file start38.txt (compact mmCIF, C-alpha atoms and all ligand atoms)
# COMPACT_ATOMS: atom_id res chain seq x y z
CA MET T 1 25.19 -91.65 -4.65
CA GLU T 2 27.32 -89.92 -7.28
CA ARG T 3 31.08 -90.10 -7.04
CA LEU T 4 32.83 -86.91 -5.89
CA PRO T 5 35.43 -85.53 -8.34
CA THR T 6 38.99 -86.36 -7.34
CA VAL T 7 41.63 -83.62 -7.61
CA LEU T 8 45.33 -84.37 -7.95
CA VAL T 9 47.64 -81.57 -6.81
CA LEU T 10 51.26 -81.85 -7.97
CA GLY T 11 52.95 -80.22 -5.01
CA GLY T 12 56.23 -79.49 -3.32
CA THR T 13 55.66 -75.73 -3.01
CA THR T 14 54.18 -73.21 -0.57
CA GLU T 15 51.44 -72.55 -3.15
CA ALA T 16 50.45 -76.22 -3.14
CA THR T 17 50.26 -76.21 0.67
CA ALA T 18 48.18 -73.01 0.64
CA LEU T 19 45.87 -74.47 -1.99
CA VAL T 20 45.32 -77.64 0.00
CA THR T 21 44.63 -75.58 3.14
CA GLY T 22 42.12 -73.49 1.19
CA LEU T 23 40.37 -76.59 -0.15
CA ALA T 24 40.17 -78.36 3.22
CA PRO T 25 36.62 -77.17 4.08
CA GLN T 26 35.28 -78.68 0.84
CA LEU T 27 36.91 -82.08 1.13
CA ASP T 28 34.70 -85.16 1.45
CA ARG T 29 31.73 -82.92 0.66
CA ARG T 30 32.45 -81.55 -2.82
CA MET T 31 35.70 -83.16 -3.87
CA ASN T 32 38.41 -85.61 -2.87
CA LEU T 33 42.03 -84.57 -2.91
CA ILE T 34 45.35 -86.30 -3.45
CA VAL T 35 48.61 -84.37 -3.03
CA SER T 36 51.63 -85.74 -4.85
CA PHE T 37 55.27 -85.16 -3.84
CA ALA T 38 58.40 -86.19 -5.71
CA GLY T 39 59.96 -87.37 -2.46
CA ARG T 40 63.12 -85.25 -2.60
CA THR T 41 62.83 -84.38 1.09
CA GLY T 42 62.00 -86.77 3.92
CA SER T 43 58.36 -87.52 4.87
CA PRO T 44 56.39 -84.79 3.11
CA THR T 45 52.98 -84.00 4.60
CA ALA T 46 49.92 -82.05 3.47
CA PRO T 47 47.50 -80.11 5.68
CA ALA T 48 44.54 -82.05 4.22
CA GLY T 49 43.71 -84.74 1.68
CA ALA T 50 45.62 -87.94 0.94
CA VAL T 51 49.36 -87.93 0.24
CA ARG T 52 51.31 -89.96 -2.30
CA VAL T 53 55.09 -89.80 -2.67
CA GLY T 54 57.47 -90.60 -5.56
CA GLY T 55 57.57 -90.38 -9.34
CA PHE T 56 54.79 -91.87 -11.47
CA GLY T 57 57.18 -93.44 -13.98
CA GLY T 58 57.14 -90.86 -16.77
CA VAL T 59 54.18 -89.76 -18.90
CA ASP T 60 52.90 -93.32 -19.36
CA GLY T 61 52.97 -93.93 -15.61
CA LEU T 62 51.10 -90.70 -14.91
CA GLU T 63 48.55 -91.47 -17.62
CA ALA T 64 47.95 -94.90 -16.07
CA TYR T 65 47.60 -93.32 -12.62
CA LEU T 66 45.07 -90.73 -13.84
CA ARG T 67 42.96 -93.49 -15.40
CA ALA T 68 43.25 -95.93 -12.50
CA MET T 69 42.27 -93.63 -9.62
CA PRO T 70 40.45 -92.09 -11.58
CA ILE T 71 41.51 -88.42 -11.38
CA ASP T 72 39.08 -85.77 -12.64
CA LEU T 73 41.10 -82.56 -12.24
CA VAL T 74 44.83 -81.85 -11.97
CA VAL T 75 46.49 -78.77 -10.52
CA ASP T 76 50.17 -78.40 -11.36
CA ALA T 77 51.38 -76.41 -8.35
CA LEU T 78 55.00 -77.41 -8.97
CA HIS T 79 57.95 -75.10 -8.38
CA PRO T 80 58.68 -72.77 -11.35
CA PHE T 81 62.05 -74.55 -11.75
CA ALA T 82 60.57 -78.04 -11.93
CA ALA T 83 61.33 -78.37 -15.65
CA VAL T 84 60.16 -81.92 -16.48
CA MET T 85 57.02 -82.74 -14.53
CA PRO T 86 54.87 -79.93 -16.03
CA PHE T 87 55.39 -81.45 -19.51
CA HIS T 88 54.49 -84.91 -18.21
CA ALA T 89 51.33 -83.52 -16.61
CA ALA T 90 50.34 -81.65 -19.78
CA GLU T 91 50.81 -84.72 -21.98
CA ALA T 92 49.13 -87.19 -19.60
CA CYS T 93 46.15 -84.83 -19.19
CA ARG T 94 45.94 -84.39 -22.96
CA ARG T 95 45.85 -88.15 -23.46
CA THR T 96 43.20 -88.74 -20.80
CA GLY T 97 41.12 -85.60 -21.33
CA VAL T 98 41.60 -84.61 -17.67
CA ALA T 99 41.37 -80.83 -17.10
CA LEU T 100 44.68 -79.27 -16.02
CA LEU T 101 45.43 -75.95 -14.35
CA LYS T 102 48.84 -74.53 -13.57
CA LEU T 103 49.18 -72.56 -10.33
CA GLN T 104 52.44 -70.63 -10.49
CA ARG T 105 53.58 -67.52 -8.67
CA SER T 106 54.65 -64.56 -10.81
CA PRO T 107 58.37 -64.12 -11.42
CA TRP T 108 60.29 -61.28 -9.78
CA SER T 109 60.99 -58.28 -11.98
CA ALA T 110 63.83 -55.81 -11.59
CA ALA T 111 63.11 -52.50 -9.87
CA GLY T 112 65.02 -49.22 -10.14
CA GLY T 113 68.51 -49.59 -8.70
CA ASP T 114 68.71 -53.34 -9.31
CA ARG T 115 71.85 -54.63 -11.02
CA TRP T 116 70.53 -57.88 -12.43
CA ILE T 117 72.44 -60.02 -14.89
CA ASP T 118 69.72 -61.99 -16.63
CA VAL T 119 70.85 -65.51 -17.68
CA ALA T 120 69.05 -68.45 -19.26
CA ASP T 121 70.41 -71.34 -17.18
CA MET T 122 72.98 -72.47 -14.61
CA ARG T 123 75.79 -72.79 -17.18
CA SER T 124 75.30 -69.17 -18.18
CA ALA T 125 75.08 -68.20 -14.50
CA ALA T 126 78.46 -69.86 -13.87
CA ALA T 127 79.91 -68.02 -16.89
CA ALA T 128 78.55 -64.74 -15.50
CA VAL T 129 80.20 -65.41 -12.13
CA GLN T 130 83.54 -66.00 -13.83
CA HIS T 131 83.13 -62.89 -15.93
CA HIS T 132 82.47 -60.70 -12.88
CA ALA T 133 85.37 -62.18 -10.87
CA PRO T 134 83.76 -61.58 -7.45
CA ARG T 135 85.47 -62.30 -4.15
CA ARG T 136 82.54 -63.72 -2.20
CA VAL T 137 79.37 -65.13 -3.77
CA LEU T 138 76.07 -65.95 -2.09
CA LEU T 139 74.66 -68.91 -4.03
CA THR T 140 70.92 -69.36 -3.38
CA ILE T 141 69.86 -71.87 -6.04
CA GLY T 142 69.20 -74.84 -3.77
CA ARG T 143 71.49 -77.87 -3.64
CA GLN T 144 70.49 -79.82 -6.75
CA GLU T 145 72.04 -77.57 -9.41
CA ILE T 146 75.37 -76.47 -7.94
CA ASP T 147 77.50 -78.59 -10.29
CA ALA T 148 77.99 -75.72 -12.74
CA PHE T 149 79.89 -73.75 -10.07
CA ARG T 150 82.16 -76.45 -8.60
CA THR T 151 85.06 -75.76 -10.94
CA ILE T 152 85.17 -71.99 -10.32
CA THR T 153 88.21 -71.56 -8.12
CA GLY T 154 88.52 -67.77 -7.67
CA PRO T 155 85.79 -66.70 -5.24
CA MET T 156 84.46 -68.12 -1.98
CA PHE T 157 80.90 -69.47 -2.40
CA LEU T 158 78.49 -69.30 0.50
CA VAL T 159 76.00 -72.00 -0.49
CA ARG T 160 72.63 -71.53 1.17
CA SER T 161 70.23 -74.46 1.08
CA ILE T 162 67.52 -76.05 3.20
CA GLU T 163 69.19 -79.45 3.32
CA PRO T 164 72.95 -80.22 3.27
CA ALA T 165 74.54 -80.03 -0.19
CA ASP T 166 77.46 -82.03 -1.56
CA LEU T 167 80.14 -79.34 -1.71
CA HIS T 168 83.06 -81.44 -2.96
CA GLY T 169 85.16 -80.13 -5.86
CA PRO T 170 87.90 -77.65 -6.68
CA TRP T 171 85.87 -74.62 -5.55
CA THR T 172 85.94 -73.00 -2.10
CA ALA T 173 82.43 -73.50 -0.76
CA VAL T 174 80.95 -72.99 2.69
CA GLU T 175 77.58 -74.39 3.68
CA LEU T 176 74.83 -72.21 5.11
CA LEU T 177 71.78 -74.23 6.14
CA ASP T 178 68.69 -72.07 6.40
CA ARG T 179 65.15 -71.80 5.12
CA GLY T 180 62.83 -68.89 4.39
CA PRO T 181 60.92 -66.79 4.91
CA TYR T 182 63.76 -64.26 5.14
CA LEU T 183 63.60 -60.65 6.34
CA VAL T 184 65.39 -57.72 4.71
CA ASP T 185 67.22 -56.91 8.00
CA SER T 186 68.75 -60.37 8.29
CA GLU T 187 69.61 -60.53 4.58
CA ARG T 188 71.29 -57.13 4.84
CA ASP T 189 73.28 -58.37 7.86
CA LEU T 190 74.29 -61.53 6.02
CA LEU T 191 75.55 -59.67 2.95
CA ARG T 192 77.54 -57.30 5.13
CA ALA T 193 78.94 -59.87 7.58
CA GLU T 194 80.03 -62.21 4.78
CA GLY T 195 81.36 -59.46 2.51
CA ILE T 196 79.18 -60.72 -0.36
CA ASP T 197 79.83 -58.93 -3.65
CA LEU T 198 77.71 -61.13 -5.98
CA LEU T 199 74.39 -62.92 -5.48
CA VAL T 200 73.26 -65.84 -7.65
CA THR T 201 69.61 -66.83 -7.58
CA LYS T 202 66.85 -68.45 -9.60
CA ASN T 203 63.85 -66.30 -10.48
CA SER T 204 61.57 -68.29 -8.21
CA GLY T 205 59.29 -65.36 -7.41
CA GLY T 206 57.19 -65.12 -4.26
CA SER T 207 57.67 -63.17 -1.05
CA SER T 208 59.40 -65.76 1.11
CA THR T 209 62.88 -65.37 -0.43
CA ALA T 210 62.61 -61.91 -2.03
CA ALA T 211 64.30 -60.00 0.83
CA LYS T 212 67.78 -60.82 -0.53
CA LEU T 213 66.93 -58.83 -3.66
CA THR T 214 66.04 -55.74 -1.63
CA ALA T 215 69.22 -56.10 0.42
CA ALA T 216 71.33 -56.53 -2.73
CA ARG T 217 69.69 -53.46 -4.31
CA GLU T 218 70.47 -51.35 -1.23
CA LYS T 219 74.12 -52.39 -1.38
CA THR T 220 74.25 -52.17 -5.21
CA ILE T 221 75.40 -55.79 -5.32
CA PRO T 222 74.94 -57.40 -8.75
CA VAL T 223 72.52 -60.32 -8.93
CA VAL T 224 72.92 -63.14 -11.44
CA MET T 225 69.24 -63.96 -12.05
CA VAL T 226 68.51 -67.32 -13.68
CA ARG T 227 65.39 -67.24 -15.86
CA ARG T 228 62.67 -69.83 -15.47
CA PRO T 229 62.78 -72.88 -17.73
CA PRO T 230 60.27 -73.21 -20.60
CA MET T 231 56.81 -74.47 -19.65
CA PRO T 232 54.05 -76.16 -21.65
CA ALA T 233 51.13 -73.98 -22.78
CA THR T 234 48.74 -74.72 -19.91
CA ALA T 235 45.90 -72.59 -18.51
CA THR T 236 47.65 -70.74 -15.67
CA VAL T 237 46.67 -68.75 -12.58
CA THR T 238 49.05 -67.02 -10.18
CA THR T 239 46.97 -67.02 -7.00
CA VAL T 240 45.57 -69.72 -4.77
CA ALA T 241 42.17 -67.94 -4.78
CA ASP T 242 41.98 -68.24 -8.58
CA ALA T 243 42.94 -71.91 -8.43
CA ILE T 244 40.18 -72.57 -5.86
CA ALA T 245 37.66 -70.72 -8.05
CA TRP T 246 38.69 -72.86 -11.05
CA LEU T 247 38.27 -76.06 -9.01
CA ASP T 248 34.94 -74.89 -7.55
CA GLU T 249 33.55 -74.27 -10.99
CA ARG T 250 34.65 -77.64 -12.35
CA ALA T 251 33.64 -79.57 -9.22
CA GLN T 252 30.16 -78.07 -9.64
CA LEU T 253 30.03 -79.16 -13.28
CA SER T 254 31.04 -82.73 -12.51
CA GLY T 255 29.14 -82.92 -9.16
P1 LIG V 301 61.19 -82.16 -12.30
O1 LIG V 301 62.60 -82.09 -12.76
O2 LIG V 301 60.16 -81.40 -13.05
O3 LIG V 301 60.69 -83.68 -12.24
C1 LIG V 301 61.59 -84.79 -12.30
C2 LIG V 301 60.80 -86.05 -11.99
O4 LIG V 301 60.43 -86.06 -10.59
C3 LIG V 301 59.50 -86.15 -12.74
O5 LIG V 301 59.69 -86.69 -14.02
C4 LIG V 301 58.68 -87.06 -11.82
O6 LIG V 301 59.08 -88.41 -11.94
C5 LIG V 301 59.13 -86.60 -10.46
N1 LIG V 301 58.28 -85.58 -9.86
C6 LIG V 301 58.47 -84.24 -9.84
N2 LIG V 301 57.52 -83.62 -9.12
C7 LIG V 301 56.69 -84.59 -8.70
C8 LIG V 301 55.52 -84.59 -7.90
N3 LIG V 301 55.01 -83.45 -7.36
N4 LIG V 301 54.91 -85.79 -7.65
C9 LIG V 301 55.42 -86.95 -8.15
N5 LIG V 301 56.55 -87.00 -8.90
C10 LIG V 301 57.16 -85.85 -9.16
O7 LIG V 301 61.10 -81.72 -10.75
P2 LIG V 301 62.26 -81.24 -9.73
O8 LIG V 301 62.80 -79.92 -10.16
O9 LIG V 301 63.19 -82.38 -9.49
O10 LIG V 301 61.37 -80.97 -8.44
C11 LIG V 301 60.91 -82.06 -7.67
C12 LIG V 301 59.90 -81.55 -6.65
O11 LIG V 301 60.49 -80.52 -5.85
C13 LIG V 301 58.65 -80.92 -7.30
O12 LIG V 301 57.54 -81.35 -6.55
C14 LIG V 301 58.86 -79.42 -7.15
O13 LIG V 301 57.66 -78.72 -7.05
C15 LIG V 301 59.69 -79.35 -5.88
N6 LIG V 301 60.62 -78.21 -5.85
C16 LIG V 301 61.50 -78.01 -6.87
C17 LIG V 301 62.35 -76.93 -6.83
C18 LIG V 301 63.31 -76.64 -7.94
O14 LIG V 301 64.01 -75.63 -7.88
N7 LIG V 301 63.39 -77.49 -8.98
C19 LIG V 301 62.33 -76.04 -5.72
C20 LIG V 301 61.41 -76.28 -4.69
C21 LIG V 301 60.56 -77.37 -4.77
P3 LIG V 301 58.32 -89.44 -12.90
O15 LIG V 301 58.72 -89.09 -14.30
O16 LIG V 301 58.80 -90.78 -12.45
O17 LIG V 301 56.84 -89.26 -12.68

call {"tool": "encode", "arguments": {"input": "start38.txt", "output": "structure tokens"}}
result
Amino acid sequence: MERLPTVLVLGGTTEATALVTGLAPQLDRRMNLIVSFAGRTGSPTAPAGAVRVGGFGGVDGLEAYLRAMPIDLVVDALHPFAAVMPFHAAEACRRTGVALLKLQRSPWSAAGGDRWIDVADMRSAAAAVQHHAPRRVLLTIGRQEIDAFRTITGPMFLVRSIEPADLHGPWTAVELLDRGPYLVDSERDLLRAEGIDLLVTKNSGGSSTAAKLTAAREKTIPVVMVRRPPMPATATVTTVADAIAWLDERAQLSG
């Protein structure tokens, strides 16, 4: 019997979970699936397929992994702000000749009434905060990249993250543990109750955390919007359906 193609999904996003759910009916029949997590949060799980956790050990480690399994197809369904792993995937796939697809949600774009301050990175975002001299900032960039803001002593920062962040430093920071999806009503209430006059966010895209942008627009609150980091030139789709179609086509070719 011929070997089924094995698909590696680089995960850690809602898109990766949706993709795996969508592929579930085909597993063990048309393809095998391995979902890979970096291991930043405790005990990640996938709705189907096998799970592996932890870094591969750079490009060489990933190349060795692709050859050893062996992997036939890779889907990079990483978060748009995962800046390193997409380059490792592109290079390891180039070396091994494994086909690679990027599944990435579209970025948000400003609508009429938005007051976005477009910045390239967290350092520029911190500079924009200082420039605007707000009183109360809602910081929604996760917990890994808050260092750039620790030394800003003027405003109060409400730091919203899924898991507890290390808030030490000269700044005044208050933790808000929460996770999406968020509704416009609750985001509106939060901005009002906390007296927020500046929002800082990454341009993650997607519907789950977009409500804050609508609420900020309604209240004409400026938004410091951090652009996505550069990505390798990889064939890219923005929907799970298109990623499944791509895999279907290739699984057929190699099946
Ligand atoms: P990154 O900076 O691009 O990657 C750093 C290192 O983490 C990589 O070199 C790799 O280690 C390892 N790694 C990353 N993703 C991996 C995966 N899916 N499987 C195995 N190893 C992985 O990534 P990051 O920004 O730290 O993000 C880590 C994970 O969190 C990703 O899965 C991402 O999708 C998810 N995530 C990130 C964000 C964000 O804002 N950055 C938000 C939500 C979710 P080796 O070099 O040892 O292979």

call {"tool": "atom_distance", "arguments": {"input": "start38.txt", "atom1": "CA of Val84 (chain T)", "atom2": "atom O13 of ligand LIG 301 (chain V)"}}
result
10.3 Å

call {"tool": "residues_near_ligand", "arguments": {"input": "start38.txt", "ligand": "ligand LIG 301 (chain V)", "cutoff": "8 Å", "atoms": "all atoms listed in the file", "output": "number ranges by chain"}}
result
T: 9-13, 35-40, 52-59, 61-62, 77-86, 88, 141-142, 144, 202, 204

call {"tool": "closest_residue", "arguments": {"input": "start38.txt", "among": "T:Ala127, T:Met69, T:Val74, T:Ala50", "to": "Leu101 (chain T)", "atoms": "only C-alpha atoms"}}
result
T:Val74

call {"tool": "residues_near_point", "arguments": {"input": "start38.txt", "point": "(39.9, -82.6, 0.9)", "cutoff": "7 Å", "atoms": "all atoms listed in the file", "output": "PDB file with C-alpha atoms, keeping the file's coordinate frame"}}
result
ATOM      1  CA  LEU T  23      40.370 -76.590  -0.150  1.00  0.00           C
ATOM      2  CA  ALA T  24      40.170 -78.360   3.220  1.00  0.00           C
ATOM      3  CA  GLN T  26      35.280 -78.680   0.840  1.00  0.00           C
ATOM      4  CA  LEU T  27      36.910 -82.080   1.130  1.00  0.00           C
ATOM      5  CA  ASP T  28      34.700 -85.160   1.450  1.00  0.00           C
ATOM      6  CA  MET T  31      35.700 -83.160  -3.870  1.00  0.00           C
ATOM      7  CA  ASN T  32      38.410 -85.610  -2.870  1.00  0.00           C
ATOM      8  CA  LEU T  33      42.030 -84.570  -2.910  1.00  0.00           C
ATOM      9  CA  ALA T  48      44.540 -82.050   4.220  1.00  0.00           C
ATOM     10  CA  GLY T  49      43.710 -84.740   1.680  1.00  0.00           C
TER      11      GLY T  49
END

call {"tool": "residues_near_point", "arguments": {"input": "start38.txt", "point": "(43.2, -89.4, -21.5)", "cutoff": "12 Å", "atoms": "all atoms listed in the file", "output": "list in words"}}
result
Val59, Asp60, Leu62, Glu63, Ala64, Tyr65, Leu66, Arg67, Ala68, Pro70, Ile71, Asp72, Leu73, Ala89, Ala90, Glu91, Ala92, Cys93, Arg94, Arg95, Thr96, Gly97, Val98, Ala99 and Leu100 of chain T

call {"tool": "residues_around", "arguments": {"input": "start38.txt", "residues": "Ala243 (chain T)", "least_positions_apart": "2", "cutoff": "9 Å", "atoms": "only C-alpha atoms", "output": "tab-separated table (two decimals) with C-alpha atoms, in the frame of the given file"}}
result
chain	number	residue	atom	x	y	z
T	19	LEU	CA	45.87	-74.47	-1.99
T	75	VAL	CA	46.49	-78.77	-10.52
T	101	LEU	CA	45.43	-75.95	-14.35
T	102	LYS	CA	48.84	-74.53	-13.57
T	103	LEU	CA	49.18	-72.56	-10.33
T	236	THR	CA	47.65	-70.74	-15.67
T	237	VAL	CA	46.67	-68.75	-12.58
T	238	THR	CA	49.05	-67.02	-10.18
T	239	THR	CA	46.97	-67.02	-7.00
T	240	VAL	CA	45.57	-69.72	-4.77
T	241	ALA	CA	42.17	-67.94	-4.78
T	245	ALA	CA	37.66	-70.72	-8.05
T	246	TRP	CA	38.69	-72.86	-11.05
T	247	LEU	CA	38.27	-76.06	-9.01
T	248	ASP	CA	34.94	-74.89	-7.55

call {"tool": "closest_residue", "arguments": {"input": "start38.txt", "among": "T:Ala18, T:Ile34, T:Ala210, T:Pro222", "to": "Pro5 (chain T)", "atoms": "only C-alpha atoms"}}
result
T:Ile34

call {"tool": "atom_distance", "arguments": {"input": "start38.txt", "atom1": "CA of Arg135 (chain T)", "atom2": "CA of Trp171 (chain T)"}}
result
12.4 Å

call {"tool": "closest_residue", "arguments": {"input": "start38.txt", "among": "T:Val159, T:Ile244, T:Ile152, T:Leu183", "to": "Leu139 (chain T)", "atoms": "only C-alpha atoms"}}
result
T:Val159
